file my_file_28.txt (compact mmCIF, C-alpha atoms and all ligand atoms)
# COMPACT_ATOMS: atom_id res chain seq x y z
CA MET A 1 -86.70 22.90 -55.85
CA TYR A 2 -84.32 19.93 -56.16
CA SER A 3 -85.44 16.59 -54.93
CA MET A 4 -82.98 14.62 -52.89
CA ILE A 5 -81.23 11.61 -54.40
CA SER A 6 -81.22 9.31 -51.38
CA VAL A 7 -78.65 6.61 -50.69
CA CYS A 8 -81.34 3.94 -50.24
CA LYS A 9 -85.05 3.49 -50.68
CA PRO A 10 -87.36 0.53 -50.00
CA ILE A 11 -89.71 -0.46 -52.80
CA ILE A 12 -93.20 -1.26 -51.59
CA GLY A 13 -95.80 -2.21 -54.17
CA GLN A 14 -99.51 -3.03 -54.13
CA GLU A 15 -98.57 -6.70 -53.68
CA GLU A 16 -96.94 -6.03 -50.30
CA ILE A 17 -99.83 -3.83 -49.18
CA ALA A 18 -102.39 -6.47 -50.14
CA ALA A 19 -100.38 -9.25 -48.46
CA ALA A 20 -100.05 -7.29 -45.20
CA THR A 21 -103.76 -6.41 -45.23
CA ALA A 22 -104.72 -10.05 -45.76
CA VAL A 23 -102.74 -11.02 -42.65
CA LEU A 24 -104.54 -8.41 -40.53
CA GLN A 25 -107.89 -9.62 -41.87
CA SER A 26 -106.99 -13.25 -41.11
CA GLY A 27 -106.51 -12.58 -37.40
CA GLN A 28 -103.41 -14.85 -37.33
CA LEU A 29 -100.47 -12.54 -36.62
CA ALA A 30 -97.87 -14.65 -34.80
CA GLN A 31 -95.63 -17.17 -36.59
CA GLY A 32 -97.73 -19.56 -38.68
CA ALA A 33 -98.41 -20.66 -42.24
CA ARG A 34 -97.00 -17.52 -43.88
CA VAL A 35 -93.68 -17.87 -42.09
CA LYS A 36 -93.55 -21.50 -43.24
CA ALA A 37 -94.33 -20.48 -46.83
CA LEU A 38 -91.57 -17.86 -46.73
CA GLU A 39 -89.08 -20.42 -45.40
CA GLU A 40 -89.95 -22.83 -48.21
CA ALA A 41 -89.62 -20.14 -50.88
CA TRP A 42 -86.35 -18.90 -49.37
CA SER A 43 -84.64 -22.30 -49.19
CA ALA A 44 -85.75 -23.00 -52.78
CA TYR A 45 -84.30 -19.65 -53.85
CA CYS A 46 -80.95 -20.18 -52.13
CA GLY A 47 -80.72 -23.85 -53.02
CA THR A 48 -80.43 -25.05 -49.42
CA HIS A 49 -82.37 -27.86 -47.70
CA TYR A 50 -83.56 -25.64 -44.86
CA ALA A 51 -84.44 -22.03 -44.06
CA VAL A 52 -85.44 -20.82 -40.59
CA ALA A 53 -87.08 -17.39 -40.32
CA ILE A 54 -85.80 -15.11 -37.53
CA ASN A 55 -87.00 -11.65 -36.46
CA ASN A 56 -83.84 -9.79 -37.57
CA GLY A 57 -80.38 -10.40 -39.00
CA THR A 58 -78.54 -9.86 -35.70
CA ALA A 59 -80.70 -12.50 -33.99
CA GLY A 60 -80.10 -14.66 -37.09
CA LEU A 61 -76.32 -14.44 -36.59
CA HIS A 62 -76.74 -15.28 -32.91
CA THR A 63 -78.90 -18.26 -33.90
CA ALA A 64 -76.36 -19.47 -36.51
CA LEU A 65 -73.56 -19.36 -33.92
CA TYR A 66 -75.71 -21.39 -31.51
CA ALA A 67 -76.64 -23.84 -34.29
CA ALA A 68 -72.92 -24.35 -35.00
CA GLY A 69 -72.33 -25.22 -31.34
CA ILE A 70 -70.38 -22.08 -30.46
CA ASP A 71 -70.20 -21.65 -26.70
CA ARG A 72 -68.57 -19.58 -23.97
CA GLY A 73 -64.83 -19.00 -24.44
CA ASP A 74 -64.73 -20.27 -28.03
CA GLU A 75 -62.96 -18.09 -30.58
CA VAL A 76 -64.68 -17.03 -33.79
CA ILE A 77 -62.62 -15.38 -36.52
CA THR A 78 -64.34 -12.51 -38.33
CA THR A 79 -63.70 -9.21 -40.10
CA PRO A 80 -63.33 -5.87 -38.29
CA PHE A 81 -64.69 -4.09 -41.38
CA THR A 82 -68.42 -4.83 -41.14
CA PHE A 83 -71.60 -3.70 -39.45
CA VAL A 84 -71.28 -4.07 -35.67
CA ALA A 85 -73.96 -6.81 -35.52
CA THR A 86 -71.55 -9.40 -36.99
CA ALA A 87 -69.17 -9.19 -34.03
CA ASN A 88 -71.88 -8.38 -31.45
CA ALA A 89 -73.54 -11.72 -32.22
CA ILE A 90 -70.28 -13.47 -31.26
CA LEU A 91 -70.26 -11.60 -27.93
CA MET A 92 -73.96 -12.42 -27.44
CA GLN A 93 -73.08 -16.12 -27.54
CA GLY A 94 -70.33 -15.56 -24.94
CA ALA A 95 -67.58 -16.26 -27.46
CA ARG A 96 -64.52 -14.18 -28.35
CA PRO A 97 -64.37 -12.33 -31.66
CA VAL A 98 -60.93 -12.67 -33.25
CA PHE A 99 -60.51 -10.13 -36.00
CA ALA A 100 -58.51 -10.80 -39.16
CA ASP A 101 -57.68 -8.15 -41.76
CA ILE A 102 -59.43 -7.80 -45.12
CA SER A 103 -58.34 -7.89 -48.76
CA PRO A 104 -57.95 -4.37 -50.19
CA ASP A 105 -59.73 -5.13 -53.47
CA ASN A 106 -63.10 -6.50 -52.26
CA PHE A 107 -63.15 -5.44 -48.56
CA ASN A 108 -63.83 -9.04 -47.44
CA LEU A 109 -61.79 -11.32 -45.13
CA ASP A 110 -58.31 -12.13 -46.43
CA PRO A 111 -57.99 -15.94 -46.11
CA LYS A 112 -54.24 -15.72 -45.35
CA GLU A 113 -54.97 -13.43 -42.40
CA VAL A 114 -57.70 -15.81 -41.21
CA GLU A 115 -55.32 -18.78 -41.24
CA ALA A 116 -52.78 -16.85 -39.16
CA LYS A 117 -55.35 -16.28 -36.38
CA ILE A 118 -56.24 -19.93 -35.74
CA THR A 119 -55.55 -21.21 -32.19
CA PRO A 120 -56.65 -24.39 -30.37
CA LYS A 121 -59.71 -22.40 -29.15
CA THR A 122 -60.91 -21.43 -32.64
CA LYS A 123 -64.29 -23.00 -33.43
CA ALA A 124 -65.63 -21.06 -36.41
CA ILE A 125 -65.02 -18.52 -39.15
CA LEU A 126 -67.77 -15.94 -39.67
CA ALA A 127 -67.25 -14.31 -43.07
CA VAL A 128 -69.24 -11.33 -44.38
CA ASP A 129 -70.27 -10.70 -48.00
CA LEU A 130 -69.74 -6.96 -47.74
CA TYR A 131 -71.62 -4.56 -50.03
CA GLY A 132 -73.23 -7.50 -51.89
CA GLN A 133 -70.21 -9.51 -53.03
CA ALA A 134 -69.31 -12.95 -51.65
CA ALA A 135 -66.11 -13.44 -49.66
CA ASP A 136 -63.55 -15.99 -50.93
CA TYR A 137 -65.31 -19.22 -49.91
CA THR A 138 -63.03 -21.49 -51.96
CA ALA A 139 -60.08 -20.53 -49.76
CA LEU A 140 -62.12 -20.18 -46.54
CA LYS A 141 -63.67 -23.63 -46.96
CA LYS A 142 -60.23 -25.21 -47.34
CA ILE A 143 -59.04 -23.54 -44.13
CA ALA A 144 -62.21 -24.52 -42.26
CA GLU A 145 -62.02 -28.16 -43.35
CA LYS A 146 -58.32 -28.49 -42.60
CA ASN A 147 -58.81 -27.10 -39.08
CA HIS A 148 -62.25 -28.66 -38.34
CA LEU A 149 -63.97 -25.27 -37.99
CA ALA A 150 -67.55 -24.30 -38.78
CA LEU A 151 -67.81 -21.82 -41.66
CA LEU A 152 -70.61 -19.27 -41.25
CA GLU A 153 -71.73 -16.63 -43.73
CA ASP A 154 -73.13 -13.19 -42.90
CA ALA A 155 -75.06 -12.73 -46.15
CA CYS A 156 -77.16 -9.83 -44.77
CA GLN A 157 -76.04 -7.61 -47.68
CA SER A 158 -75.85 -10.23 -50.42
CA ILE A 159 -79.26 -11.84 -51.08
CA GLY A 160 -79.20 -13.20 -54.64
CA ALA A 161 -75.45 -12.82 -55.19
CA THR A 162 -73.55 -15.86 -56.45
CA GLN A 163 -70.06 -17.39 -56.49
CA PHE A 164 -69.33 -19.95 -59.22
CA GLY A 165 -73.11 -19.88 -59.80
CA GLN A 166 -74.01 -20.84 -56.23
CA LYS A 167 -76.12 -18.45 -54.13
CA THR A 168 -74.76 -16.69 -51.06
CA GLY A 169 -75.98 -18.16 -47.80
CA ALA A 170 -75.36 -21.58 -49.36
CA LEU A 171 -71.60 -20.96 -49.66
CA ALA A 172 -70.91 -21.91 -46.03
CA ASP A 173 -72.25 -24.41 -43.45
CA CYS A 174 -74.85 -21.83 -42.46
CA GLY A 175 -75.83 -18.45 -43.92
CA VAL A 176 -77.72 -15.50 -42.46
CA PHE A 177 -79.82 -12.82 -44.16
CA SER A 178 -81.44 -9.60 -42.97
CA LEU A 179 -84.73 -8.13 -44.13
CA TYR A 180 -84.11 -4.75 -42.49
CA ALA A 181 -85.66 -1.77 -44.29
CA THR A 182 -82.48 -0.74 -46.17
CA LYS A 183 -81.49 -4.18 -47.51
CA ASN A 184 -81.96 -5.29 -51.14
CA ILE A 185 -85.29 -6.84 -50.13
CA MET A 186 -86.95 -6.11 -46.82
CA CYS A 187 -89.98 -6.30 -44.52
CA GLY A 188 -89.02 -3.56 -42.06
CA GLU A 189 -87.24 -5.95 -39.70
CA GLY A 190 -86.60 -9.62 -40.38
CA GLY A 191 -84.00 -12.31 -40.92
CA MET A 192 -83.38 -15.81 -42.27
CA VAL A 193 -80.94 -18.61 -41.47
CA VAL A 194 -80.21 -21.14 -44.24
CA THR A 195 -78.33 -24.44 -44.06
CA ASN A 196 -78.12 -27.92 -45.56
CA SER A 197 -77.70 -29.47 -42.12
CA GLU A 198 -80.77 -30.93 -40.47
CA GLU A 199 -79.04 -30.61 -37.09
CA TYR A 200 -78.30 -26.89 -37.57
CA ALA A 201 -81.88 -26.24 -38.73
CA SER A 202 -83.40 -28.05 -35.79
CA ARG A 203 -81.14 -26.24 -33.28
CA ALA A 204 -82.03 -22.92 -34.95
CA ARG A 205 -85.79 -23.59 -34.67
CA MET A 206 -85.38 -24.44 -31.01
CA PHE A 207 -83.23 -21.38 -30.29
CA ARG A 208 -85.69 -18.94 -31.84
CA ASN A 209 -88.57 -20.38 -29.81
CA GLN A 210 -87.46 -20.24 -26.13
CA GLY A 211 -85.40 -23.43 -26.40
CA GLN A 212 -88.51 -25.55 -26.90
CA SER A 213 -87.98 -28.77 -28.84
CA GLU A 214 -90.22 -29.63 -31.74
CA VAL A 215 -91.60 -32.46 -29.65
CA GLY A 216 -93.81 -30.05 -27.81
CA ARG A 217 -94.62 -26.96 -25.91
CA TYR A 218 -92.86 -26.41 -22.58
CA ASP A 219 -90.26 -29.03 -23.52
CA TYR A 220 -87.33 -26.71 -22.87
CA GLN A 221 -84.06 -28.28 -23.99
CA ALA A 222 -81.77 -25.29 -23.54
CA LEU A 223 -81.69 -21.53 -23.16
CA GLY A 224 -83.51 -20.00 -26.07
CA TYR A 225 -84.91 -16.61 -27.08
CA ASN A 226 -88.00 -15.17 -28.68
CA TYR A 227 -86.53 -14.61 -32.14
CA ARG A 228 -89.69 -15.42 -34.14
CA LEU A 229 -90.73 -13.57 -37.27
CA ASN A 230 -94.40 -12.61 -37.46
CA GLU A 231 -96.94 -13.33 -40.20
CA MET A 232 -97.17 -9.77 -41.50
CA GLN A 233 -93.40 -9.53 -41.91
CA ALA A 234 -93.38 -12.95 -43.61
CA ALA A 235 -96.17 -11.98 -46.02
CA ILE A 236 -94.32 -8.80 -47.05
CA ALA A 237 -91.00 -10.65 -47.41
CA PHE A 238 -92.68 -13.35 -49.52
CA GLU A 239 -93.76 -10.70 -52.06
CA GLN A 240 -90.33 -9.06 -51.96
CA LEU A 241 -88.57 -12.38 -52.63
CA LYS A 242 -90.53 -12.74 -55.89
CA LYS A 243 -89.01 -9.41 -57.00
CA VAL A 244 -85.44 -9.91 -55.82
CA ASP A 245 -83.87 -10.90 -59.16
CA ASN A 246 -85.44 -7.94 -60.98
CA LEU A 247 -84.43 -5.51 -58.24
CA ASN A 248 -80.86 -6.86 -58.20
CA GLU A 249 -80.69 -6.66 -61.99
CA LYS A 250 -81.60 -2.97 -61.78
CA ARG A 251 -78.91 -2.42 -59.13
CA ARG A 252 -76.36 -4.14 -61.35
CA SER A 253 -77.26 -2.05 -64.36
CA ASN A 254 -77.14 1.14 -62.24
CA ALA A 255 -73.70 0.06 -61.00
CA MET A 256 -72.48 -0.49 -64.57
CA HIS A 257 -73.75 2.96 -65.55
CA LEU A 258 -71.95 4.60 -62.61
CA ALA A 259 -68.76 2.62 -63.26
CA ALA A 260 -68.72 3.59 -66.94
CA GLY A 261 -69.18 7.26 -66.06
CA LEU A 262 -66.56 7.32 -63.31
CA VAL A 263 -63.82 5.34 -65.00
CA ASP A 264 -60.22 6.66 -64.81
CA LEU A 265 -60.90 9.57 -62.46
CA PRO A 266 -57.87 10.64 -60.41
CA GLY A 267 -58.10 9.52 -56.77
CA ILE A 268 -61.24 7.41 -57.33
CA THR A 269 -61.11 3.60 -57.22
CA LEU A 270 -64.19 1.78 -58.49
CA PRO A 271 -65.61 -1.43 -56.98
CA SER A 272 -63.83 -4.53 -58.24
CA ILE A 273 -65.74 -7.72 -58.94
CA ARG A 274 -63.95 -11.05 -58.93
CA LYS A 275 -64.67 -13.13 -62.00
CA GLU A 276 -66.29 -15.99 -60.05
CA ASN A 277 -68.75 -13.59 -58.36
CA GLN A 278 -72.01 -11.99 -59.32
CA HIS A 279 -72.29 -8.83 -57.20
CA VAL A 280 -75.73 -7.53 -56.13
CA PHE A 281 -74.56 -4.01 -55.20
CA HIS A 282 -76.21 -3.56 -51.85
CA GLN A 283 -73.77 -0.65 -51.95
CA PHE A 284 -71.76 0.87 -54.80
CA THR A 285 -68.64 1.72 -52.83
CA ILE A 286 -65.75 3.72 -54.22
CA ARG A 287 -62.45 4.58 -52.59
CA VAL A 288 -61.42 8.22 -52.50
CA SER A 289 -57.66 8.48 -52.02
CA ASN A 290 -54.47 10.26 -53.05
CA LEU A 291 -56.15 13.66 -53.04
CA SER A 292 -55.89 15.00 -49.52
CA GLU A 293 -56.40 13.71 -45.98
CA HIS A 294 -60.09 14.66 -45.88
CA SER A 295 -61.01 14.11 -49.50
CA ARG A 296 -63.55 11.35 -48.81
CA ASP A 297 -65.36 13.52 -46.27
CA GLY A 298 -65.01 16.46 -48.63
CA LEU A 299 -66.76 14.54 -51.41
CA PHE A 300 -69.52 13.48 -48.99
CA GLU A 301 -70.12 17.14 -48.06
CA TYR A 302 -69.92 18.34 -51.66
CA LEU A 303 -72.54 15.76 -52.73
CA ARG A 304 -74.75 16.85 -49.87
CA THR A 305 -74.72 20.45 -51.08
CA LEU A 306 -76.07 19.08 -54.38
CA ASN A 307 -78.80 17.10 -52.57
CA ILE A 308 -77.10 13.80 -53.34
CA GLY A 309 -77.03 11.39 -50.42
CA SER A 310 -74.03 9.11 -49.91
CA GLY A 311 -72.85 6.96 -47.02
CA VAL A 312 -69.70 5.87 -45.19
CA TYR A 313 -69.98 2.14 -44.47
CA TYR A 314 -68.10 2.00 -42.13
CA PRO A 315 -66.25 4.99 -40.65
CA LYS A 316 -64.28 2.98 -38.07
CA PRO A 317 -63.24 -0.68 -37.94
CA LEU A 318 -64.74 -2.57 -35.01
CA HIS A 319 -61.51 -3.17 -33.04
CA LEU A 320 -61.36 0.59 -32.36
CA TYR A 321 -64.73 0.79 -30.55
CA PRO A 322 -64.93 0.74 -26.72
CA HIS A 323 -66.72 -2.60 -26.31
CA PHE A 324 -63.96 -4.38 -28.28
CA ALA A 325 -61.14 -2.60 -26.42
CA PHE A 326 -60.75 -5.67 -24.17
CA LEU A 327 -59.13 -7.36 -27.19
CA ASN A 328 -56.24 -4.89 -26.86
CA GLN A 329 -55.99 -4.12 -30.54
CA GLY A 330 -55.15 -0.48 -31.08
CA ILE A 331 -54.67 1.64 -34.20
CA GLY A 332 -52.34 -0.09 -36.65
CA THR A 333 -53.48 -3.66 -35.87
CA PHE A 334 -55.51 -4.05 -39.08
CA PRO A 335 -54.00 -1.58 -41.56
CA VAL A 336 -56.07 -2.62 -44.59
CA ALA A 337 -59.38 -2.26 -42.73
CA GLU A 338 -58.25 1.03 -41.17
CA GLN A 339 -57.29 2.44 -44.58
CA ALA A 340 -60.62 1.33 -46.06
CA ALA A 341 -62.53 3.06 -43.24
CA LYS A 342 -60.83 6.34 -44.20
CA GLU A 343 -61.44 6.01 -47.92
CA VAL A 344 -64.79 4.33 -48.65
CA LEU A 345 -67.84 6.18 -49.86
CA SER A 346 -71.05 4.52 -51.03
CA LEU A 347 -72.95 6.28 -53.82
CA PRO A 348 -76.68 5.78 -54.46
CA VAL A 349 -77.30 2.64 -56.59
CA HIS A 350 -80.83 1.56 -55.52
CA PRO A 351 -83.40 0.42 -58.12
CA SER A 352 -85.51 3.61 -58.04
CA LEU A 353 -82.78 5.82 -59.52
CA SER A 354 -83.38 7.24 -62.99
CA THR A 355 -80.73 7.65 -65.66
CA THR A 356 -80.89 11.39 -64.93
CA ASP A 357 -80.15 10.71 -61.25
CA LEU A 358 -77.19 8.50 -62.17
CA ASP A 359 -75.78 11.10 -64.59
CA CYS A 360 -76.21 13.76 -61.95
CA ILE A 361 -74.15 11.67 -59.49
CA ILE A 362 -71.48 11.03 -62.14
CA ASP A 363 -71.20 14.73 -63.03
CA ALA A 364 -70.87 15.71 -59.38
CA VAL A 365 -68.12 13.18 -58.59
CA LYS A 366 -66.27 14.09 -61.79
CA LYS A 367 -66.38 17.76 -60.93
CA TYR A 368 -65.10 17.14 -57.41
CA ALA A 369 -62.28 14.86 -58.58
CA SER A 370 -61.07 17.33 -61.21
CA THR A 371 -60.91 20.43 -58.98
C1 LIG A 401 -77.87 -5.41 -41.71
C2 LIG A 401 -76.72 -6.24 -41.30
C3 LIG A 401 -76.78 -7.05 -40.17
C4 LIG A 401 -77.88 -7.03 -39.15
O1 LIG A 401 -79.13 -7.15 -39.60
P1 LIG A 401 -80.38 -6.56 -38.77
O2 LIG A 401 -81.51 -7.19 -39.48
O3 LIG A 401 -80.34 -5.08 -38.87
O4 LIG A 401 -80.26 -7.04 -37.36
C5 LIG A 401 -75.68 -7.87 -39.90
N1 LIG A 401 -74.59 -7.87 -40.69
C6 LIG A 401 -74.49 -7.08 -41.76
C7 LIG A 401 -73.27 -7.12 -42.58
C8 LIG A 401 -75.55 -6.22 -42.10
O5 LIG A 401 -75.43 -5.42 -43.16
call {"tool": "encode", "arguments": {"input": "my_file_28.txt", "output": "structure tokens", "more": "lines below"}}
Ligand SMILES: *Cc1c(COP(=O)(O)O)cnc(C)c1O
result
Amino acid sequence: MYSMISVCKPIIGQEEIAAATAVLQSGQLAQGARVKALEEAWSAYCGTHYAVAINNGTAGLHTALYAAGIDRGDEVITTPFTFVATANAILMQGARPVFADISPDNFNLDPKEVEAKITPKTKAILAVDLYGQAADYTALKKIAEKNHLALLEDACQSIGATQFGQKTGALADCGVFSLYATKNIMCGEGGMVVTNSEEYASRARMFRNQGQSEVGRYDYQALGYNYRLNEMQAAIAFEQLKKVDNLNEKRRSNAMHLAAGLVDLPGITLPSIRKENQHVFHQFTIRVSNLSEHSRDGLFEYLRTLNIGSGVYYPKPLHLYPHFAFLNQGIGTFPVAEQAAKEVLSLPVHPSLSTTDLDCIIDAVKKYAST
């Protein structure tokens, strides 16, 4: 009997179990002191003045767009090669997503493509740190400043990653994290918005709590939502945050092991890390190309027969889905993203993998690539 090597696995220790139990015993389950403690720990970790806890990453993105003043009819430039939530949040705020193509080496927004999409209606750039590596914020910041745009960061996959030593989330005017079950740290469902701006933080707190000001209850200042995190989620996330650097270190060392074993294979391109970045390998994503049309899917199936899980993140760029068809961008509009969608495959890299697991993955990919 072979056990399955899964593509992701949450790590839940006695600390999380004890923390969740303590919340149940306390009788205080809705947002309170534990959410506040998590926010303080999170802003200290990221090096930002403020952190505002939200009940998931999608709601966090929606909140960040509201905090930045994005409104109906505004244009927000983002990547088509991301999880759907990034662009959905723009629609949720009544704004128009304007896609720009990605760089082929790191799968993140190509700043030159972003600059070419700016119009008088553009209000913000929403960059994504895909797979756990920061986008090019040096270039994006220059573009944002020159054109008076807000710069927002979808850091849902990159908790703990850095660029020139600065943590993701803090690389833009406002950053958003997810604590969904498959992320590097998690509490089942959860999110966090970080910023150095007091105005953004205060708008975010209002937005997550039915538009009520901090002056008082029933003082509704604007349309808001119920986007609050609860105490049990906060208590679990607080324990996870203490472990994040160790867990990321294990991911990095697993990634190095995989990269060393898979070097120079025909048709396989390994992840590339820019020198200013520290990558946290939410995913270890290779490209499978130059073999045959279906070679990526072939490798996926082959690994599955060996009980090795892998994942395609993402099989189709967002401009090709029905609810973005109103943008009138057919096949061929974003060639780099479209090529990536055909070629990417994420191999298991999570902290629970043993050296035997890693070697088993390496042997399987090697065998596939050489036959
Ligand atoms: C997970 C994720 C989200 C959404 O987070 P949820 O907590 O699942 O709502 C948004 N963007 C990216 C890039 C993600 O990976």
call {"tool": "closest_residue", "arguments": {"input": "my_file_28.txt", "among": "A:Val365, A:Ala127, A:Ala67, A:Ala237", "to": "Gly267 of chain A", "atoms": "only C-alpha atoms"}}
result
A:Val365
call {"tool": "closest_residue", "arguments": {"input": "my_file_28.txt", "among": "A:Asn254, A:Ala260, A:Gly191, A:Gln283", "to": "Leu353 of chain A", "atoms": "all atoms listed in the file"}}
result
A:Asn254
call {"tool": "closest_residue", "arguments": {"input": "my_file_28.txt", "among": "A:Phe281, A:Tyr180, A:Tyr368, A:Phe300", "to": "ligand LIG 401 (chain A)", "atoms": "only C-alpha atoms and all ligand atoms"}}
result
A:Tyr180
call {"tool": "residues_near_ligand", "arguments": {"input": "my_file_28.txt", "ligand": "ligand LIG 401 (chain A)", "cutoff": "8 Å", "atoms": "all atoms listed in the file", "output": "PyMOL selection string"}}
result
chain A and resi 55-61+82-86+128-131+154-157+177-180+182-183+189-191
call {"tool": "atom_distance", "arguments": {"input": "my_file_28.txt", "atom1": "atom CA of Ala20 of chain A", "atom2": "atom CA of Gly224 of chain A"}}
result
28.3 Å
call {"tool": "atom_distance", "arguments": {"input": "my_file_28.txt", "atom1": "atom CA of Thr21 of chain A", "atom2": "atom CA of Gln233 of chain A"}}
result
11.3 Å
call {"tool": "residues_around", "arguments": {"input": "my_file_28.txt", "residues": "Leu299 of chain A", "least_positions_apart": "5", "cutoff": "12 Å", "atoms": "all atoms listed in the file", "output": "PyMOL selection string"}}
result
chain A and resi 267-268+286-289+291-294+304-306+308-312+343-347+361+364-371
call {"tool": "write_last_selection", "arguments": {"input": "my_file_28.txt", "atoms": "C-alpha atoms", "output": "compact mmCIF listing (two decimals), in the coordinates of the input"}}
result
# COMPACT_ATOMS: atom_id res chain seq x y z
CA GLY A 267 -58.10 9.52 -56.77
CA ILE A 268 -61.24 7.41 -57.33
CA ILE A 286 -65.75 3.72 -54.22
CA ARG A 287 -62.45 4.58 -52.59
CA VAL A 288 -61.42 8.22 -52.50
CA SER A 289 -57.66 8.48 -52.02
CA LEU A 291 -56.15 13.66 -53.04
CA SER A 292 -55.89 15.00 -49.52
CA GLU A 293 -56.40 13.71 -45.98
CA HIS A 294 -60.09 14.66 -45.88
CA ARG A 304 -74.75 16.85 -49.87
CA THR A 305 -74.72 20.45 -51.08
CA LEU A 306 -76.07 19.08 -54.38
CA ILE A 308 -77.10 13.80 -53.34
CA GLY A 309 -77.03 11.39 -50.42
CA SER A 310 -74.03 9.11 -49.91
CA GLY A 311 -72.85 6.96 -47.02
CA VAL A 312 -69.70 5.87 -45.19
CA GLU A 343 -61.44 6.01 -47.92
CA VAL A 344 -64.79 4.33 -48.65
CA LEU A 345 -67.84 6.18 -49.86
CA SER A 346 -71.05 4.52 -51.03
CA LEU A 347 -72.95 6.28 -53.82
CA ILE A 361 -74.15 11.67 -59.49
CA ALA A 364 -70.87 15.71 -59.38
CA VAL A 365 -68.12 13.18 -58.59
CA LYS A 366 -66.27 14.09 -61.79
CA LYS A 367 -66.38 17.76 -60.93
CA TYR A 368 -65.10 17.14 -57.41
CA ALA A 369 -62.28 14.86 -58.58
CA SER A 370 -61.07 17.33 -61.21
CA THR A 371 -60.91 20.43 -58.98
call {"tool": "atom_distance", "arguments": {"input": "my_file_28.txt", "atom1": "atom CA of Lys342 of chain A", "atom2": "atom CA of Pro315 of chain A"}}
result
6.6 Å
call {"tool": "residues_around", "arguments": {"input": "my_file_28.txt", "residues": "Lys123 of chain A", "least_positions_apart": "3", "cutoff": "12 Å", "atoms": "all atoms listed in the file", "output": "short mmCIF file (atom, residue, chain, number, x, y, z; two decimals) with C-alpha atoms, keeping the file's coordinate frame"}}
result
data_model
loop_
_atom_site.label_atom_id
_atom_site.label_comp_id
_atom_site.auth_asym_id
_atom_site.auth_seq_id
_atom_site.Cartn_x
_atom_site.Cartn_y
_atom_site.Cartn_z
CA LEU A 65 -73.56 -19.36 -33.92
CA TYR A 66 -75.71 -21.39 -31.51
CA ALA A 68 -72.92 -24.35 -35.00
CA GLY A 69 -72.33 -25.22 -31.34
CA ILE A 70 -70.38 -22.08 -30.46
CA ASP A 71 -70.20 -21.65 -26.70
CA ARG A 72 -68.57 -19.58 -23.97
CA GLY A 73 -64.83 -19.00 -24.44
CA ASP A 74 -64.73 -20.27 -28.03
CA GLU A 75 -62.96 -18.09 -30.58
CA VAL A 76 -64.68 -17.03 -33.79
CA ILE A 77 -62.62 -15.38 -36.52
CA THR A 78 -64.34 -12.51 -38.33
CA ILE A 90 -70.28 -13.47 -31.26
CA ALA A 95 -67.58 -16.26 -27.46
CA ARG A 96 -64.52 -14.18 -28.35
CA PRO A 97 -64.37 -12.33 -31.66
CA VAL A 98 -60.93 -12.67 -33.25
CA LYS A 117 -55.35 -16.28 -36.38
CA ILE A 118 -56.24 -19.93 -35.74
CA THR A 119 -55.55 -21.21 -32.19
CA PRO A 120 -56.65 -24.39 -30.37
CA LEU A 126 -67.77 -15.94 -39.67
CA ILE A 143 -59.04 -23.54 -44.13
CA ALA A 144 -62.21 -24.52 -42.26
CA GLU A 145 -62.02 -28.16 -43.35
CA ASN A 147 -58.81 -27.10 -39.08
CA HIS A 148 -62.25 -28.66 -38.34
CA LEU A 149 -63.97 -25.27 -37.99
CA ALA A 150 -67.55 -24.30 -38.78
CA LEU A 151 -67.81 -21.82 -41.66
CA LEU A 152 -70.61 -19.27 -41.25
#
call {"tool": "residues_around", "arguments": {"input": "my_file_28.txt", "residues": "Leu320 of chain A", "least_positions_apart": "5", "cutoff": "8 Å", "atoms": "only C-alpha atoms", "output": "ChimeraX atom specification"}}
result
/A:325,329-331
call {"tool": "build_atoms", "arguments": {"input": "my_file_28.txt", "residues": "segment 35-40 of chain A", "atoms": "N, CA, C and O atoms", "output": "compact mmCIF listing (two decimals), keeping the file's coordinate frame"}}
result
# COMPACT_ATOMS: atom_id res chain seq x y z
N VAL A 35 -95.11 -17.72 -42.39
CA VAL A 35 -93.68 -17.87 -42.09
C VAL A 35 -93.17 -19.15 -42.74
O VAL A 35 -92.11 -19.17 -43.37
N LYS A 36 -93.94 -20.22 -42.64
CA LYS A 36 -93.55 -21.50 -43.24
C LYS A 36 -93.43 -21.36 -44.77
O LYS A 36 -92.47 -21.85 -45.37
N ALA A 37 -94.37 -20.67 -45.37
CA ALA A 37 -94.33 -20.48 -46.83
C ALA A 37 -93.10 -19.67 -47.23
O ALA A 37 -92.44 -19.97 -48.25
N LEU A 38 -92.77 -18.66 -46.44
CA LEU A 38 -91.57 -17.86 -46.73
C LEU A 38 -90.32 -18.72 -46.61
O LEU A 38 -89.43 -18.65 -47.47
N GLU A 39 -90.25 -19.55 -45.58
CA GLU A 39 -89.08 -20.42 -45.40
C GLU A 39 -88.92 -21.36 -46.60
O GLU A 39 -87.80 -21.58 -47.09
N GLU A 40 -90.03 -21.91 -47.08
CA GLU A 40 -89.95 -22.83 -48.21
C GLU A 40 -89.48 -22.11 -49.47
O GLU A 40 -88.63 -22.61 -50.22
